[in-house]
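Before any comments, here is the structure.
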Amino acid sequence: MDSVSSRLSTSASPVTPTGLFVRVGVQALAAVVAGYVAMGVVAGLGLWAAGAADLPGGFTAVLAAVVVMAAGGKVDLSGDAGDLAGTQAELTAMPLTVTLVGALVIGYCFLRPLRHHAVAGTRELLLRAAGTVVLWLAGLLGLSALARHDFPLTIGGDTSEASQDSLGDLFGELLDAVNPTVGFRTDVGPTLFYGLLWILGVLVVALLVSRRTPLPPRLVRYHEPVRPAAHAMLMLLLAYVAVGLVIGIVVAAAKGHAAETLAVLLLGLPNVSWLALGVGIGGSWEGKVEGPFGLPMPQILDAVLRDGGGSTDLSTVDLSSLAAEDARAWWLLPIAVVLVLAAAFAAAVRSPARTKLWQHSLRMGIAFAVTMLVVAPLTLVEARFGLSILGIGDLEALGGEVLLRPDVWKTVGFALLWGLVLGFLGGLLASRVHRKGEAEKK
């Protein structure tokens, strides 16, 4: 009898600090590894579809660079053409498909061990977060060391007799003589800083959107006013990604260019989908496309950005400008109405029945505005490449610029307005399906 009591008391004893550290450390390591593996697989498939597998010895470095950029890191471009030429290169963009997959996997792995707890202890939660952050930054530092490579730059045209007198061929021969290169390096300082913000943001958002994970006692009061709306915003963003995925698959099947479309889906689907959300509610972006480079899809967006009319003019990307190129763009408005209203309805259904309509409206307005405040800047694209020969200026055939910049505050303002209005309507619709007795249970 004493031995049985002893075993029971031992099994009921609290976990020792060492055991807690080991368990939390192993789970944090598993979450980080799973996140990096998921991001690497998606980025690798996207690069393969884009043809990067044919790069001369640089696929691993490019893959590491894409994952670094997806985690908020900064990759600098560089060029070397000797004394004959000067180069200028810049790239600022996030492959948001890779970002989204990594965030979902890490958030899930971070929260899963906590679901079996009645209450999440503040100490354990902070310990898990700290372990995940440290290991994530360590992995990001390792990837930064891999994300560096130089590629030879081959310039020159057709070697036929008709093209031998072209200026481009002459410059190509001059450049070939000095072996010009273009490469990239990770800027470690900004990469670790933005990577820290990225992983902290992922962990905070994961706690906000989860409906089952317990919160520390001091934060329990925020469960009702925050989590239903936050979870609805996540579902709204994922719904737009799902719609974009279906459209992309249909386009690839109907019009061909399957590899190019697959590359965009695997690397930048949310970039396009969340831009469609912002445009659909009345927001706008501005930018331009010059030179041989451009946005791979959708073609309507590339066409609008090329209509600036001059090197210093920026085109406005909004519902009217897109519809001027293709009238089907007007569908973005009713799609936004349906999906945002569905999100508002879902948030209201998951809220207690005692919640008033004005509270639904206010919470949805704030949640939608904050969501677009975070999402819109992530769609920024800035890419420039210029080459000048003997100081005579940029050669149009050898340089280009792509710029896509959100009007953040305009988009956030419309999101606030839409959230207030549709939050009220969603609460009104949900009031007819509430099971008040169950909704008021604790």
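Lettering and numbering for the structure tokens are positional, with chains as A, B, ... in the shown order, residues counted from 1 in each chain, and ligands counted from 1 in the shown order.
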
Notebook entry, point to check: Near A:Val338, within 12 Å and counting only C-alpha atoms, which residues show up once chain neighbours fewer than 5 positions away are dropped, as a VMD selection string?
Noted result: chain A and resid 236 239 to 240 277 280 to 281 331 to 333 343 to 345 418 422 425 to 426

Dump as a Markdown table the rows for residues of stretch 185-267 of chain A within 10 Å of stretch 111-114 of chain A: closest atom pair and distance in Å with one decimal, only C-alpha atoms counted, ordered by chain and rising residue number.
```
| residue | atom | partner | partner_atom | distance |
| --- | --- | --- | --- | --- |
| A:Leu203 | CA | A:Leu111 | CA | 8.8 |
| A:Ala206 | CA | A:Leu111 | CA | 7.4 |
| A:Leu207 | CA | A:Leu111 | CA | 7.6 |
| A:Ser210 | CA | A:Leu111 | CA | 8.2 |
| A:Arg212 | CA | A:Leu114 | CA | 9.1 |
| A:Thr213 | CA | A:Leu114 | CA | 6.1 |
| A:Pro214 | CA | A:Leu114 | CA | 7.1 |
| A:Leu215 | CA | A:Leu114 | CA | 9.3 |
```

Notebook entry, point to check: If you count only C-alpha atoms, which residues fall within 12 Å of A:Gly131, apart from same-chain ones fewer than 2 positions away, as a ChimeraX atom specification?
Noted result: /A:20-32,110,124-129,133-138,199-200,203

Notebook entry, point to check: Neighbours of A:Thr371 within 10 Å (only C-alpha atoms; same-chain residues fewer than 4 positions away dropped), as a PyMOL selection string?
Noted result: chain A and resi 230+233-234+237+365-367+375-376+412+415-416

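Picture a line from atom CA of A:Leu100 to atom CA of A:Pro270; it runs 8.0 Å.
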
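Separating atom CA of A:Gly189 from atom CA of A:Met69 is a distance of 13.4 Å.
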
Next item on the list: Using only C-alpha atoms, determine which residues lie at most 8 Å from A:Ile106, disregarding the query and same-chain residues fewer than 2 positions distant; provide the list as a PyMOL selection string.
Entry: chain A and resi 31-32+34-35+102-104+108-110+202

Notebook entry, point to check: Hey, which of A:Leu47, A:Ala342, A:Ala232, A:Met94 ends up closest to A:Leu378? Count only C-alpha atoms.
Noted result: A:Met94

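For the set A:Ala324, A:Val67, A:Val220, A:Ala49, the residue with the smallest atom-to-atom gap to A:Leu143 is A:Val67, counting only C-alpha atoms.
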
Next item on the list: Pick out the residues sitting within 8 Å of stretch 36-40 of chain A, and hand them over as a PyMOL selection string; count only C-alpha atoms, and ignore anything fewer than 2 positions along from it in its own chain.
Entry: chain A and resi 32-34+42-44+63-64+67+98-99+101-102+105

How about saving the chosen residues, all heavy atoms kept, as a tab-separated table (two decimals), in the first residue's frame?
```tsv
chain	number	residue	atom	x	y	z
A	32	VAL	N	10.59	25.20	-34.52
A	32	VAL	CA	11.47	25.96	-35.40
A	32	VAL	C	11.89	25.12	-36.61
A	32	VAL	O	11.87	25.59	-37.75
A	32	VAL	CB	12.70	26.46	-34.61
A	32	VAL	CG1	13.76	27.03	-35.56
A	32	VAL	CG2	12.29	27.51	-33.59
A	33	VAL	N	12.28	23.88	-36.35
A	33	VAL	CA	12.69	23.01	-37.45
A	33	VAL	C	11.53	22.79	-38.42
A	33	VAL	O	11.71	22.85	-39.65
A	33	VAL	CB	13.20	21.67	-36.90
A	33	VAL	CG1	13.42	20.67	-38.04
A	33	VAL	CG2	14.50	21.88	-36.13
A	34	ALA	N	10.34	22.54	-37.89
A	34	ALA	CA	9.17	22.33	-38.75
A	34	ALA	C	8.90	23.57	-39.59
A	34	ALA	O	8.56	23.46	-40.78
A	34	ALA	CB	7.96	21.97	-37.90
A	42	VAL	N	8.37	24.82	-49.70
A	42	VAL	CA	7.55	25.68	-50.55
A	42	VAL	C	8.43	26.57	-51.42
A	42	VAL	O	8.20	26.71	-52.63
A	42	VAL	CB	6.59	26.52	-49.69
A	42	VAL	CG1	5.85	27.54	-50.55
A	42	VAL	CG2	5.61	25.64	-48.96
A	43	ALA	N	9.47	27.17	-50.82
A	43	ALA	CA	10.36	28.02	-51.59
A	43	ALA	C	11.11	27.23	-52.65
A	43	ALA	O	11.29	27.69	-53.79
A	43	ALA	CB	11.35	28.72	-50.66
A	44	GLY	N	11.56	26.03	-52.30
A	44	GLY	CA	12.27	25.21	-53.27
A	44	GLY	C	11.41	24.82	-54.46
A	44	GLY	O	11.86	24.88	-55.61
A	63	LEU	N	17.81	29.64	-52.58
A	63	LEU	CA	16.80	29.09	-51.69
A	63	LEU	C	16.92	29.68	-50.29
A	63	LEU	O	15.92	30.08	-49.67
A	63	LEU	CB	16.93	27.57	-51.65
A	63	LEU	CG	16.01	26.83	-50.68
A	63	LEU	CD1	14.55	27.09	-51.01
A	63	LEU	CD2	16.31	25.32	-50.69
A	64	ALA	N	18.15	29.74	-49.78
A	64	ALA	CA	18.36	30.33	-48.46
A	64	ALA	C	17.94	31.81	-48.45
A	64	ALA	O	17.35	32.29	-47.48
A	64	ALA	CB	19.82	30.19	-48.06
A	67	VAL	N	14.10	32.16	-48.25
A	67	VAL	CA	13.60	31.90	-46.90
A	67	VAL	C	13.94	33.05	-45.97
A	67	VAL	O	13.11	33.46	-45.13
A	67	VAL	CB	14.18	30.57	-46.36
A	67	VAL	CG1	13.77	30.35	-44.92
A	67	VAL	CG2	13.71	29.40	-47.22
A	98	VAL	N	5.60	31.70	-48.91
A	98	VAL	CA	6.57	31.09	-48.01
A	98	VAL	C	6.39	31.63	-46.59
A	98	VAL	O	6.43	30.88	-45.61
A	98	VAL	CB	8.00	31.35	-48.50
A	98	VAL	CG1	9.02	30.65	-47.61
A	98	VAL	CG2	8.16	30.88	-49.95
A	99	THR	N	6.17	32.93	-46.47
A	99	THR	CA	5.94	33.55	-45.17
A	99	THR	C	4.71	32.97	-44.48
A	99	THR	O	4.75	32.62	-43.30
A	99	THR	CB	5.76	35.07	-45.33
A	99	THR	OG1	6.93	35.62	-45.94
A	99	THR	CG2	5.53	35.74	-44.00
A	101	VAL	N	3.08	30.09	-45.02
A	101	VAL	CA	3.24	28.68	-44.64
A	101	VAL	C	4.09	28.56	-43.39
A	101	VAL	O	3.75	27.81	-42.45
A	101	VAL	CB	3.85	27.89	-45.81
A	101	VAL	CG1	4.27	26.49	-45.35
A	101	VAL	CG2	2.86	27.79	-46.96
A	102	GLY	N	5.19	29.29	-43.34
A	102	GLY	CA	6.04	29.24	-42.15
A	102	GLY	C	5.32	29.72	-40.90
A	102	GLY	O	5.43	29.11	-39.83
A	105	VAL	N	2.73	27.04	-39.73
A	105	VAL	CA	3.35	25.85	-39.13
A	105	VAL	C	3.93	26.17	-37.76
A	105	VAL	O	3.72	25.43	-36.79
A	105	VAL	CB	4.44	25.30	-40.07
A	105	VAL	CG1	5.25	24.20	-39.38
A	105	VAL	CG2	3.80	24.76	-41.35
```

Notebook entry, point to check: If we count only C-alpha atoms, what is near A:Val68 at a cut-off of 10 Å, once residues fewer than 2 positions away on the same chain are taken out, given as a PyMOL selection string?
Noted result: chain A and resi 36+39+62-66+70-75+94-95+99+139-144+146-147+186+191-192+195

Filtering to N, CA and C atoms, could you give me those residues as a PDB file, in the first residue's frame?
```pdb
ATOM      1  N   TYR A  36      11.056  25.985 -40.575  1.00  0.00           N
ATOM      2  CA  TYR A  36      12.071  26.159 -41.621  1.00  0.00           C
ATOM      3  C   TYR A  36      11.946  25.099 -42.717  1.00  0.00           C
ATOM      4  N   MET A  39       8.965  26.094 -44.930  1.00  0.00           N
ATOM      5  CA  MET A  39       9.313  27.239 -45.775  1.00  0.00           C
ATOM      6  C   MET A  39      10.282  26.829 -46.873  1.00  0.00           C
ATOM      7  N   VAL A  62      20.244  30.730 -53.392  1.00  0.00           N
ATOM      8  CA  VAL A  62      18.999  31.430 -53.714  1.00  0.00           C
ATOM      9  C   VAL A  62      17.869  30.944 -52.820  1.00  0.00           C
ATOM     10  N   LEU A  63      17.808  29.642 -52.578  1.00  0.00           N
ATOM     11  CA  LEU A  63      16.796  29.091 -51.693  1.00  0.00           C
ATOM     12  C   LEU A  63      16.923  29.677 -50.292  1.00  0.00           C
ATOM     13  N   ALA A  64      18.145  29.743 -49.781  1.00  0.00           N
ATOM     14  CA  ALA A  64      18.355  30.335 -48.462  1.00  0.00           C
ATOM     15  C   ALA A  64      17.945  31.807 -48.451  1.00  0.00           C
ATOM     16  N   ALA A  65      18.250  32.515 -49.524  1.00  0.00           N
ATOM     17  CA  ALA A  65      17.895  33.932 -49.602  1.00  0.00           C
ATOM     18  C   ALA A  65      16.390  34.132 -49.603  1.00  0.00           C
ATOM     19  N   VAL A  66      15.658  33.281 -50.310  1.00  0.00           N
ATOM     20  CA  VAL A  66      14.195  33.395 -50.346  1.00  0.00           C
ATOM     21  C   VAL A  66      13.596  33.149 -48.962  1.00  0.00           C
ATOM     22  N   ALA A  70      11.552  35.774 -46.716  1.00  0.00           N
ATOM     23  CA  ALA A  70      10.222  35.424 -46.231  1.00  0.00           C
ATOM     24  C   ALA A  70      10.080  35.635 -44.737  1.00  0.00           C
ATOM     25  N   ALA A  71      11.183  35.538 -44.022  1.00  0.00           N
ATOM     26  CA  ALA A  71      11.172  35.753 -42.581  1.00  0.00           C
ATOM     27  C   ALA A  71      11.470  37.200 -42.202  1.00  0.00           C
ATOM     28  N   GLY A  72      11.407  38.101 -43.173  1.00  0.00           N
ATOM     29  CA  GLY A  72      11.615  39.512 -42.893  1.00  0.00           C
ATOM     30  C   GLY A  72      13.037  39.980 -43.061  1.00  0.00           C
ATOM     31  N   GLY A  73      13.940  39.109 -43.501  1.00  0.00           N
ATOM     32  CA  GLY A  73      15.342  39.479 -43.641  1.00  0.00           C
ATOM     33  C   GLY A  73      15.600  40.378 -44.835  1.00  0.00           C
ATOM     34  N   LYS A  74      16.799  40.937 -44.891  1.00  0.00           N
ATOM     35  CA  LYS A  74      17.180  41.875 -45.938  1.00  0.00           C
ATOM     36  C   LYS A  74      18.335  41.293 -46.739  1.00  0.00           C
ATOM     37  N   VAL A  75      18.116  41.192 -48.049  1.00  0.00           N
ATOM     38  CA  VAL A  75      19.129  40.685 -48.958  1.00  0.00           C
ATOM     39  C   VAL A  75      19.525  41.803 -49.909  1.00  0.00           C
ATOM     40  N   MET A  94       8.713  40.453 -50.201  1.00  0.00           N
ATOM     41  CA  MET A  94       8.547  39.268 -49.377  1.00  0.00           C
ATOM     42  C   MET A  94       7.776  38.220 -50.169  1.00  0.00           C
ATOM     43  N   PRO A  95       8.322  37.021 -50.307  1.00  0.00           N
ATOM     44  CA  PRO A  95       7.552  35.927 -50.919  1.00  0.00           C
ATOM     45  C   PRO A  95       6.520  35.418 -49.913  1.00  0.00           C
ATOM     46  N   THR A  99       6.167  32.930 -46.474  1.00  0.00           N
ATOM     47  CA  THR A  99       5.940  33.551 -45.170  1.00  0.00           C
ATOM     48  C   THR A  99       4.712  32.970 -44.484  1.00  0.00           C
ATOM     49  N   GLY A 139      18.707  29.904 -36.342  1.00  0.00           N
ATOM     50  CA  GLY A 139      18.521  29.343 -37.679  1.00  0.00           C
ATOM     51  C   GLY A 139      18.613  30.406 -38.758  1.00  0.00           C
ATOM     52  N   LEU A 140      18.067  31.588 -38.487  1.00  0.00           N
ATOM     53  CA  LEU A 140      18.116  32.675 -39.461  1.00  0.00           C
ATOM     54  C   LEU A 140      19.550  33.134 -39.697  1.00  0.00           C
ATOM     55  N   LEU A 141      20.338  33.119 -38.641  1.00  0.00           N
ATOM     56  CA  LEU A 141      21.748  33.481 -38.788  1.00  0.00           C
ATOM     57  C   LEU A 141      22.485  32.470 -39.657  1.00  0.00           C
ATOM     58  N   GLY A 142      22.179  31.193 -39.469  1.00  0.00           N
ATOM     59  CA  GLY A 142      22.799  30.171 -40.307  1.00  0.00           C
ATOM     60  C   GLY A 142      22.398  30.295 -41.768  1.00  0.00           C
ATOM     61  N   LEU A 143      21.120  30.578 -42.024  1.00  0.00           N
ATOM     62  CA  LEU A 143      20.673  30.768 -43.400  1.00  0.00           C
ATOM     63  C   LEU A 143      21.302  32.010 -44.021  1.00  0.00           C
ATOM     64  N   SER A 144      21.516  33.035 -43.217  1.00  0.00           N
ATOM     65  CA  SER A 144      22.140  34.254 -43.728  1.00  0.00           C
ATOM     66  C   SER A 144      23.546  33.988 -44.236  1.00  0.00           C
ATOM     67  N   LEU A 146      24.485  31.242 -45.621  1.00  0.00           N
ATOM     68  CA  LEU A 146      24.358  30.525 -46.889  1.00  0.00           C
ATOM     69  C   LEU A 146      23.852  31.408 -48.024  1.00  0.00           C
ATOM     70  N   ALA A 147      23.125  32.446 -47.675  1.00  0.00           N
ATOM     71  CA  ALA A 147      22.459  33.273 -48.688  1.00  0.00           C
ATOM     72  C   ALA A 147      23.418  34.309 -49.262  1.00  0.00           C
ATOM     73  N   THR A 186      23.351  38.689 -47.632  1.00  0.00           N
ATOM     74  CA  THR A 186      22.420  38.999 -46.555  1.00  0.00           C
ATOM     75  C   THR A 186      23.001  40.076 -45.669  1.00  0.00           C
ATOM     76  N   THR A 191      18.577  41.862 -40.862  1.00  0.00           N
ATOM     77  CA  THR A 191      17.903  40.568 -40.964  1.00  0.00           C
ATOM     78  C   THR A 191      17.532  40.029 -39.587  1.00  0.00           C
ATOM     79  N   LEU A 192      18.463  40.093 -38.644  1.00  0.00           N
ATOM     80  CA  LEU A 192      18.167  39.607 -37.291  1.00  0.00           C
ATOM     81  C   LEU A 192      17.133  40.491 -36.603  1.00  0.00           C
ATOM     82  N   GLY A 195      13.858  39.848 -38.384  1.00  0.00           N
ATOM     83  CA  GLY A 195      13.502  38.470 -38.072  1.00  0.00           C
ATOM     84  C   GLY A 195      12.966  38.325 -36.661  1.00  0.00           C
TER      85      GLY A 195
END
```
